[in-house]
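Visitor: Shown below is the structure under consideration.
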Amino acid sequence: MTERVNNMHEILTPAQMKEAEQASVRLGKGLDLLMDTAGEKLAQRIAAISHRLMKKSVVILAGNGNNGGDGFKAAGYLAAQGIYPAVVLCCGEPKTELSKAAFESMPMRIDVWDISDERIGGIISGAGIIADCVFGTGFHGELSENLRRLFGRINELSTFKIACDIPSGVNSLNGQASGGTFKADETVTFHRKKTGMFFSPAKEYCGKIITADIGIPDGWEEGLTLDISAVTPFEAAELLPARSDNSHKGTYGKCMLLCGSDRYPGAAIMSAMSAMRSGVGIVNLCTPQSVVMPAVTRIPEITFTALKTDDNGFVSADNLPKILDALSDADAIVVGCGLGKTEDTQRILFELVRKAKCPLIIDADGINCLSGHIDVLKEKQTEIILTPHIGELARLRGVGIKEILSDVIGYAGEIAEKYGVVVHAKNAQTATLYDGRCLITDFGCSALAKGGSGDMLAGLIGSLCAQGVAPGDACILADYIMGSSARLLCETNSPRGVLAEDIISCFPKMLWQVERGVIV
C-alpha cells in the first residue's frame, strides 16, 4: 500500500514561520526586506479594495512590534498611491528595531494617533477600510480590555476589515481566540498560511485568506521536521480506490470489527453499517451474542462471530482464541466502538496489538484501554491507526483537555512519531499525523455533532484499509466521505434532525457523484 496524499509546505506553525525568516536571513534576504515586501503586499491589497469599493478613507491599527512595522510600511506604500491612511498606535510607540525604522520611514503627511485620543471613535466610524496590524503570529492569551472594546466596536461596523498576517486575538498555532478578537473580512497572510487559521474558532475570524509571497528564498525548507497541509476535496476524492465489474466480494477485502457490548450495541451496528456501505466486500462483526440479533436485523449482509460476555455484558477474554482465529482471515480490523474498558477488553486489545498482521484501527474504548499502557504499541507488527477525539487524546497523553487544545498537532504528533502510528485527532477540524506529516481536513457540518459519528468514521476507515487504501490516506478519505455525505444530506434536511444512520444511507449517492467526477 502506498501513500497518495502529496503534502507540500502549505501551512506553517508560528515556530516554523520563524525558522523560515531566520533561513531567509542566512540565504541573504534580511528581515527588513521581508517587512518591506510584506508592507507592500498589504498595501496592494488595501488599494485594490479601496478602488473596488470606491473608499479612500483607510485606518491602520498598529501594534508596537513587527506586525505594526508591516502596517507602517503599508502606510508608506499607500501614500505613494495617493491614499493617506490614519495610523492608530494601539500599544504605544514602536519597540522593535524594525518597527521603529518602519515608523520613521512613513511620510510626514500621514496622521498618527494614539488609541487614547478621544477623537479615535470618530476616525474609526468614518473609515471605509480598517487594517489590523496590531499583533502577529506570536500572539497568545487574552487581549487587553481597551483593545477588546476597540475591536468590539469595529466588529459591529459594516466597514471592510482586513487583517495583516492573522487577526489580532487569534493564536496562530492552535486556533484559539481571545474575547473581542478582530473579525476580518479578509486576511493577508505572509509566505504560508498558519495552522491556527484552520481550526475553530479562529477560522471564523479570518474571513477570506490570501497568501502573499514576501520573497523568502528557495531552500528555506531544509531541515523542517513536520510537513503540514490542508487537504482539498479534490485531493481527497482522488484517493477513492477503483472498482472493476470483473470482481467478487473477496476482491474488496474483509473487515473485522471487534465492537459492541450489552450496554452499547448501537456502536457495533453503526460501525458495521458504515463499513458495509463504503465498499468493503465482507464485514465480520465480532460482538456479544446479545448484539447479533439486533445487528442482523439491521444489516443482514454482514457475517458474525458471537462472543461470550462477563457479568456486566462486556466481551470476556475467554473469547481470545475465537477472536484471534477471526483476525487471521481479516484484511483490516477495527476495535473499540462500544467495547467498554475492562481488564478483559484491555487484555484482548493488547493481544491484537501484538499479533495483528493487517491494519489495526483503534477507536473509542480501544483508546481508553490504551490509556496508561500506550507503550504496548512498541510491540506492534503492523500499521496502527488511533482515532482519538480531544478527550481521548488527553487521556492518552495524561494531560488535561485545555492543554491538548493548546497544541493538538504537537501532542498528537509526539504519539505518531514515538510509536510509528497514524494519529487521527478528531474535532470540528481533524488533524491526521504520520511519517512526519500533518494533514488537516474540514469536510463536515454540524450534523456530525451527535452520537454515532465516531463509530461511523471507524467503520469507514476499516473498510477502506481492507480495500487496500493506505492507512493515512484511509483516514483522509473517510473524513471526506462522511463529511461530504453529511453536507449533501443537509442540502435538503436540517442538520438538527440528521442521524448517523441517515448519513451512512447517503454514502452511495455521494460516492456515485464522486465516481462521475462531481466533487461534493
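Labels used: A, B, ... for chains in the order of the C-alpha cells, numbers from 1 for residues in each chain, and numbers from 1 for ligands as shown.
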Per residue of region 312-353 of chain A within 6 Å of region 453-472 of chain A, note the shortest atom pair and the distance in Å to one decimal, counting only C-alpha atoms, and order the rows by chain and increasing residue number, as a Markdown table.
Guide:
```
| residue | atom | partner | partner_atom | distance |
| --- | --- | --- | --- | --- |
| A:Asp331 | CA | A:Ala466 | CA | 4.8 |
| A:Ala332 | CA | A:Ala466 | CA | 4.8 |
| A:Val334 | CA | A:Gly462 | CA | 5.8 |
| A:Cys337 | CA | A:Asp455 | CA | 5.9 |
```
Visitor: Please save N, CA and C atoms of the selected residues as an mmCIF file, in the first residue's frame.
Guide:
```cif
data_model
loop_
_atom_site.group_PDB
_atom_site.id
_atom_site.type_symbol
_atom_site.label_atom_id
_atom_site.label_comp_id
_atom_site.auth_asym_id
_atom_site.auth_seq_id
_atom_site.Cartn_x
_atom_site.Cartn_y
_atom_site.Cartn_z
ATOM 1 N N ASP A 331 -8.465 -8.493 6.568
ATOM 2 C CA ASP A 331 -7.587 -7.567 5.854
ATOM 3 C C ASP A 331 -7.440 -6.243 6.604
ATOM 4 N N ALA A 332 -8.311 -6.019 7.563
ATOM 5 C CA ALA A 332 -8.237 -4.851 8.447
ATOM 6 C C ALA A 332 -9.123 -5.152 9.643
ATOM 7 N N VAL A 334 -11.095 -3.286 13.109
ATOM 8 C CA VAL A 334 -11.479 -2.130 13.918
ATOM 9 C C VAL A 334 -11.815 -2.643 15.305
ATOM 10 N N CYS A 337 -15.257 0.341 19.336
ATOM 11 C CA CYS A 337 -16.551 1.026 19.349
ATOM 12 C C CYS A 337 -17.526 0.319 20.290
#
```
Visitor: Near region 13-15 of chain A, within 7 Å and counting only C-alpha atoms, which residues show up once chain neighbours fewer than 6 positions away are dropped, as a list in words?
Guide: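 After dropping sequence-adjacent residues, the list is Thr137, Gly138, Ser172, Leu173, Lys194 and Thr195 of chain A.
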Visitor: Using C-alpha atoms, can you write the selected residues to a file as a PDB file, in the first residue's frame?
Guide:
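Here's the written file result.pdb:
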```pdb
ATOM      1  CA  THR A 137       1.613  35.249  14.739  1.00  0.00           C
ATOM      2  CA  GLY A 138       3.261  35.374  18.157  1.00  0.00           C
ATOM      3  CA  SER A 172      -1.849  31.205  15.183  1.00  0.00           C
ATOM      4  CA  LEU A 173      -0.744  27.814  16.499  1.00  0.00           C
ATOM      5  CA  LYS A 194      -0.653  29.404   9.625  1.00  0.00           C
ATOM      6  CA  THR A 195      -2.048  26.343  11.419  1.00  0.00           C
TER       7      THR A 195
END
```
Visitor: I'd like the neighbourhood of Cys490 (chain A) as a ChimeraX atom specification, where a residue qualifies if any of its atoms comes within 12 Å (using only C-alpha atoms), though same-chain residues fewer than 4 positions away should be ignored.
Guide: /A:444-448,483-486,494-499,502-503,506
Visitor: Between A:Asp325, A:Glu21, A:Asp36, A:Glu414, which is the closest to Cys286 (chain A) once you count only C-alpha atoms?
Guide: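 Among the listed residues, the smallest separation from Cys286 (chain A) belongs to A:Asp325.
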Visitor: With distances taken over only C-alpha atoms, which of A:Leu307, A:Leu352, A:Val520, A:Ile130 is nearest to Leu324 (chain A)?
Guide: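 Selected residue with least distance to Leu324 (chain A): A:Leu352.
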Visitor: Using only C-alpha atoms, which residue out of A:Thr159, A:Thr251, A:Thr211, A:Ser261 lies closest to Val292 (chain A)?
Guide: A:Ser261
Visitor: Taking only C-alpha atoms into account, name the residue in A:Ala79, A:Arg516, A:Cys91, A:Ile120 that is nearest to Pro107 (chain A).
Guide: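 For Pro107 (chain A), the nearest of the candidates is A:Ala79.
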Visitor: Taking the backbone alone, and naming residues the way the document does, which bits of region 236-440 of chain A are alpha helix (DSSP H) by DSSP, as a ChimeraX atom specification?
Guide: /A:236-237,265-276,289-298,320-327,343-355,365-370,390-397,401-406,408-419
Visitor: Can you tell me, as a PyMOL selection string, what residues are no more than 6 Å from region 84-90 of chain A when counting only C-alpha atoms, ignoring any on the same chain fewer than 5 positions away?
Guide: chain A and resi 58-63+79+110-115
Visitor: Could you write out that same residue set with N, CA and C atoms as an mmCIF file, in the first residue's frame?
Guide:
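Once written, selection19.cif looks like this:
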```cif
data_model
loop_
_atom_site.group_PDB
_atom_site.id
_atom_site.type_symbol
_atom_site.label_atom_id
_atom_site.label_comp_id
_atom_site.auth_asym_id
_atom_site.auth_seq_id
_atom_site.Cartn_x
_atom_site.Cartn_y
_atom_site.Cartn_z
ATOM 1 N N VAL A 58 -8.844 55.170 4.897
ATOM 2 C CA VAL A 58 -8.227 53.949 5.439
ATOM 3 C C VAL A 58 -7.645 54.243 6.818
ATOM 4 N N VAL A 59 -7.902 53.335 7.747
ATOM 5 C CA VAL A 59 -7.296 53.411 9.084
ATOM 6 C C VAL A 59 -6.448 52.161 9.291
ATOM 7 N N ILE A 60 -5.209 52.368 9.718
ATOM 8 C CA ILE A 60 -4.322 51.250 10.040
ATOM 9 C C ILE A 60 -4.113 51.219 11.542
ATOM 10 N N LEU A 61 -4.532 50.126 12.161
ATOM 11 C CA LEU A 61 -4.314 49.921 13.588
ATOM 12 C C LEU A 61 -2.966 49.232 13.749
ATOM 13 N N ALA A 62 -2.048 49.872 14.462
ATOM 14 C CA ALA A 62 -0.674 49.349 14.543
ATOM 15 C C ALA A 62 -0.289 49.001 15.970
ATOM 16 N N GLY A 63 0.359 47.847 16.119
ATOM 17 C CA GLY A 63 0.943 47.475 17.397
ATOM 18 C C GLY A 63 2.353 48.014 17.507
ATOM 19 N N ALA A 79 0.480 55.810 0.690
ATOM 20 C CA ALA A 79 0.669 57.245 0.471
ATOM 21 C C ALA A 79 1.247 57.515 -0.912
ATOM 22 N N ILE A 110 1.214 61.559 6.748
ATOM 23 C CA ILE A 110 0.359 60.547 7.375
ATOM 24 C C ILE A 110 0.092 60.934 8.821
ATOM 25 N N ASP A 111 -1.187 61.017 9.171
ATOM 26 C CA ASP A 111 -1.568 61.357 10.540
ATOM 27 C C ASP A 111 -1.420 60.147 11.447
ATOM 28 N N VAL A 112 -0.791 60.366 12.592
ATOM 29 C CA VAL A 112 -0.596 59.295 13.574
ATOM 30 C C VAL A 112 -1.339 59.679 14.844
ATOM 31 N N TRP A 113 -2.161 58.726 15.344
ATOM 32 C CA TRP A 113 -2.980 58.957 16.529
ATOM 33 C C TRP A 113 -2.655 57.912 17.587
ATOM 34 N N ASP A 114 -2.915 58.267 18.824
ATOM 35 C CA ASP A 114 -2.798 57.291 19.901
ATOM 36 C C ASP A 114 -4.189 56.775 20.242
ATOM 37 N N ILE A 115 -4.266 55.524 20.632
ATOM 38 C CA ILE A 115 -5.554 54.896 20.920
ATOM 39 C C ILE A 115 -6.324 55.622 22.020
#
```
Visitor: Would you mind telling me which residue in A:Phe139, A:Phe198, A:Phe190, A:Phe151 lies nearest to Val170 (chain A) when using only C-alpha atoms?
Guide: A:Phe139
Visitor: Apply DSSP to the structure's backbone, then extract all residues of region 25-250 of chain A labelled strand (DSSP E) and return them as a PDB file with N, CA and C atoms, in the first residue's frame.
Guide:
```pdb
ATOM      1  N   VAL A  58      -8.844  55.170   4.897  1.00  0.00           N
ATOM      2  CA  VAL A  58      -8.227  53.949   5.439  1.00  0.00           C
ATOM      3  C   VAL A  58      -7.645  54.243   6.818  1.00  0.00           C
ATOM      4  N   VAL A  59      -7.902  53.335   7.747  1.00  0.00           N
ATOM      5  CA  VAL A  59      -7.296  53.411   9.084  1.00  0.00           C
ATOM      6  C   VAL A  59      -6.448  52.161   9.291  1.00  0.00           C
ATOM      7  N   ILE A  60      -5.209  52.368   9.718  1.00  0.00           N
ATOM      8  CA  ILE A  60      -4.322  51.250  10.040  1.00  0.00           C
ATOM      9  C   ILE A  60      -4.113  51.219  11.542  1.00  0.00           C
ATOM     10  N   LEU A  61      -4.532  50.126  12.161  1.00  0.00           N
ATOM     11  CA  LEU A  61      -4.314  49.921  13.588  1.00  0.00           C
ATOM     12  C   LEU A  61      -2.966  49.232  13.749  1.00  0.00           C
ATOM     13  N   ALA A  62      -2.048  49.872  14.462  1.00  0.00           N
ATOM     14  CA  ALA A  62      -0.674  49.349  14.543  1.00  0.00           C
ATOM     15  C   ALA A  62      -0.289  49.001  15.970  1.00  0.00           C
ATOM     16  N   ALA A  86      -4.954  56.978   8.120  1.00  0.00           N
ATOM     17  CA  ALA A  86      -4.714  57.384   9.504  1.00  0.00           C
ATOM     18  C   ALA A  86      -4.125  56.189  10.231  1.00  0.00           C
ATOM     19  N   VAL A  87      -3.026  56.387  10.940  1.00  0.00           N
ATOM     20  CA  VAL A  87      -2.366  55.306  11.680  1.00  0.00           C
ATOM     21  C   VAL A  87      -2.658  55.490  13.160  1.00  0.00           C
ATOM     22  N   VAL A  88      -3.217  54.439  13.785  1.00  0.00           N
ATOM     23  CA  VAL A  88      -3.547  54.494  15.211  1.00  0.00           C
ATOM     24  C   VAL A  88      -2.593  53.578  15.971  1.00  0.00           C
ATOM     25  N   LEU A  89      -1.838  54.156  16.876  1.00  0.00           N
ATOM     26  CA  LEU A  89      -0.923  53.371  17.710  1.00  0.00           C
ATOM     27  C   LEU A  89      -1.722  52.739  18.849  1.00  0.00           C
ATOM     28  N   VAL A 112      -0.791  60.366  12.592  1.00  0.00           N
ATOM     29  CA  VAL A 112      -0.596  59.295  13.574  1.00  0.00           C
ATOM     30  C   VAL A 112      -1.339  59.679  14.844  1.00  0.00           C
ATOM     31  N   TRP A 113      -2.161  58.726  15.344  1.00  0.00           N
ATOM     32  CA  TRP A 113      -2.980  58.957  16.529  1.00  0.00           C
ATOM     33  C   TRP A 113      -2.655  57.912  17.587  1.00  0.00           C
ATOM     34  N   ASP A 114      -2.915  58.267  18.824  1.00  0.00           N
ATOM     35  CA  ASP A 114      -2.798  57.291  19.901  1.00  0.00           C
ATOM     36  C   ASP A 114      -4.189  56.775  20.242  1.00  0.00           C
ATOM     37  N   ILE A 129     -12.120  51.494   5.180  1.00  0.00           N
ATOM     38  CA  ILE A 129     -11.333  50.268   5.325  1.00  0.00           C
ATOM     39  C   ILE A 129     -10.519  50.380   6.609  1.00  0.00           C
ATOM     40  N   ILE A 130     -10.530  49.306   7.414  1.00  0.00           N
ATOM     41  CA  ILE A 130      -9.720  49.265   8.626  1.00  0.00           C
ATOM     42  C   ILE A 130      -8.784  48.071   8.531  1.00  0.00           C
ATOM     43  N   ALA A 131      -7.488  48.345   8.684  1.00  0.00           N
ATOM     44  CA  ALA A 131      -6.478  47.278   8.628  1.00  0.00           C
ATOM     45  C   ALA A 131      -5.941  47.008  10.023  1.00  0.00           C
ATOM     46  N   ASP A 132      -5.971  45.752  10.405  1.00  0.00           N
ATOM     47  CA  ASP A 132      -5.480  45.321  11.720  1.00  0.00           C
ATOM     48  C   ASP A 132      -4.031  44.871  11.605  1.00  0.00           C
ATOM     49  N   CYS A 133      -3.115  45.690  12.145  1.00  0.00           N
ATOM     50  CA  CYS A 133      -1.690  45.355  12.179  1.00  0.00           C
ATOM     51  C   CYS A 133      -1.176  45.446  13.613  1.00  0.00           C
ATOM     52  N   PHE A 160     -15.164  47.624   5.698  1.00  0.00           N
ATOM     53  CA  PHE A 160     -14.361  46.472   5.274  1.00  0.00           C
ATOM     54  C   PHE A 160     -13.164  46.341   6.195  1.00  0.00           C
ATOM     55  N   LYS A 161     -12.952  45.140   6.702  1.00  0.00           N
ATOM     56  CA  LYS A 161     -11.891  44.908   7.689  1.00  0.00           C
ATOM     57  C   LYS A 161     -10.892  43.895   7.128  1.00  0.00           C
ATOM     58  N   ILE A 162      -9.619  44.259   7.184  1.00  0.00           N
ATOM     59  CA  ILE A 162      -8.557  43.395   6.658  1.00  0.00           C
ATOM     60  C   ILE A 162      -7.502  43.197   7.741  1.00  0.00           C
ATOM     61  N   ALA A 163      -7.043  41.960   7.903  1.00  0.00           N
ATOM     62  CA  ALA A 163      -6.039  41.649   8.918  1.00  0.00           C
ATOM     63  C   ALA A 163      -4.689  41.405   8.268  1.00  0.00           C
ATOM     64  N   CYS A 164      -3.647  41.858   8.946  1.00  0.00           N
ATOM     65  CA  CYS A 164      -2.274  41.677   8.487  1.00  0.00           C
ATOM     66  C   CYS A 164      -1.689  40.418   9.113  1.00  0.00           C
ATOM     67  N   GLU A 186     -11.156  39.805   5.407  1.00  0.00           N
ATOM     68  CA  GLU A 186     -10.077  39.227   4.615  1.00  0.00           C
ATOM     69  C   GLU A 186      -8.789  39.289   5.433  1.00  0.00           C
ATOM     70  N   THR A 187      -7.979  38.246   5.312  1.00  0.00           N
ATOM     71  CA  THR A 187      -6.674  38.220   5.968  1.00  0.00           C
ATOM     72  C   THR A 187      -5.597  38.030   4.918  1.00  0.00           C
ATOM     73  N   VAL A 188      -4.617  38.922   4.905  1.00  0.00           N
ATOM     74  CA  VAL A 188      -3.448  38.762   4.037  1.00  0.00           C
ATOM     75  C   VAL A 188      -2.353  38.171   4.906  1.00  0.00           C
ATOM     76  N   THR A 189      -2.055  36.890   4.685  1.00  0.00           N
ATOM     77  CA  THR A 189      -1.016  36.233   5.471  1.00  0.00           C
ATOM     78  C   THR A 189       0.232  36.075   4.622  1.00  0.00           C
ATOM     79  N   PHE A 190       1.375  36.035   5.257  1.00  0.00           N
ATOM     80  CA  PHE A 190       2.640  36.117   4.529  1.00  0.00           C
ATOM     81  C   PHE A 190       3.358  34.768   4.436  1.00  0.00           C
ATOM     82  N   LYS A 193       0.116  30.007   4.902  1.00  0.00           N
ATOM     83  CA  LYS A 193      -0.954  30.052   5.896  1.00  0.00           C
ATOM     84  C   LYS A 193      -0.439  29.456   7.199  1.00  0.00           C
ATOM     85  N   LYS A 194      -1.070  29.860   8.311  1.00  0.00           N
ATOM     86  CA  LYS A 194      -0.653  29.404   9.625  1.00  0.00           C
ATOM     87  C   LYS A 194      -1.665  28.392  10.170  1.00  0.00           C
ATOM     88  N   LYS A 208     -11.814  35.647   4.193  1.00  0.00           N
ATOM     89  CA  LYS A 208     -11.072  35.113   3.056  1.00  0.00           C
ATOM     90  C   LYS A 208      -9.581  35.238   3.338  1.00  0.00           C
ATOM     91  N   ILE A 209      -8.838  34.156   3.095  1.00  0.00           N
ATOM     92  CA  ILE A 209      -7.402  34.173   3.370  1.00  0.00           C
ATOM     93  C   ILE A 209      -6.626  34.260   2.063  1.00  0.00           C
ATOM     94  N   ILE A 210      -5.768  35.251   1.967  1.00  0.00           N
ATOM     95  CA  ILE A 210      -4.901  35.426   0.805  1.00  0.00           C
ATOM     96  C   ILE A 210      -3.454  35.265   1.258  1.00  0.00           C
ATOM     97  N   THR A 211      -2.713  34.396   0.586  1.00  0.00           N
ATOM     98  CA  THR A 211      -1.303  34.197   0.924  1.00  0.00           C
ATOM     99  C   THR A 211      -0.432  35.043   0.013  1.00  0.00           C
ATOM    100  N   ALA A 212       0.379  35.903   0.615  1.00  0.00           N
ATOM    101  CA  ALA A 212       1.254  36.801  -0.145  1.00  0.00           C
ATOM    102  C   ALA A 212       2.696  36.327  -0.070  1.00  0.00           C
ATOM    103  N   ASP A 227       5.786  18.420   7.983  1.00  0.00           N
ATOM    104  CA  ASP A 227       5.079  18.992   6.845  1.00  0.00           C
ATOM    105  C   ASP A 227       3.598  19.099   7.189  1.00  0.00           C
ATOM    106  N   ILE A 228       3.012  20.262   7.000  1.00  0.00           N
ATOM    107  CA  ILE A 228       1.596  20.474   7.343  1.00  0.00           C
ATOM    108  C   ILE A 228       0.871  20.997   6.114  1.00  0.00           C
ATOM    109  N   SER A 229      -0.282  20.424   5.813  1.00  0.00           N
ATOM    110  CA  SER A 229      -1.080  20.950   4.708  1.00  0.00           C
ATOM    111  C   SER A 229      -2.550  20.669   4.956  1.00  0.00           C
ATOM    112  N   ALA A 230      -3.393  21.433   4.308  1.00  0.00           N
ATOM    113  CA  ALA A 230      -4.835  21.204   4.342  1.00  0.00           C
ATOM    114  C   ALA A 230      -5.220  20.427   3.093  1.00  0.00           C
TER     115      ALA A 230
END
```
Visitor: Can you pull out the residues contacting Leu320 (chain A)? Cut-off 12 Å, using only C-alpha atoms, and skip same-chain residues under 4 positions away; I want them as a PyMOL selection string.
Guide: chain A and resi 258+286+305+307-309+315-316+324-327+344-352+355
Visitor: Could you jot down the CA of Ala20 (chain A) to CA of Trp220 (chain A) separation for me, Å, one decimal place?
Guide: 5.7 Å
Visitor: In terms of the shortest atom-to-atom distance over only C-alpha atoms, which of A:Leu488, A:Ile385, A:Ile476, A:Leu405 is closest to Asp363 (chain A)?
Guide: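 Comparing A:Leu488, A:Ile385, A:Ile476, A:Leu405 against Asp363 (chain A), the winner is A:Ile385.
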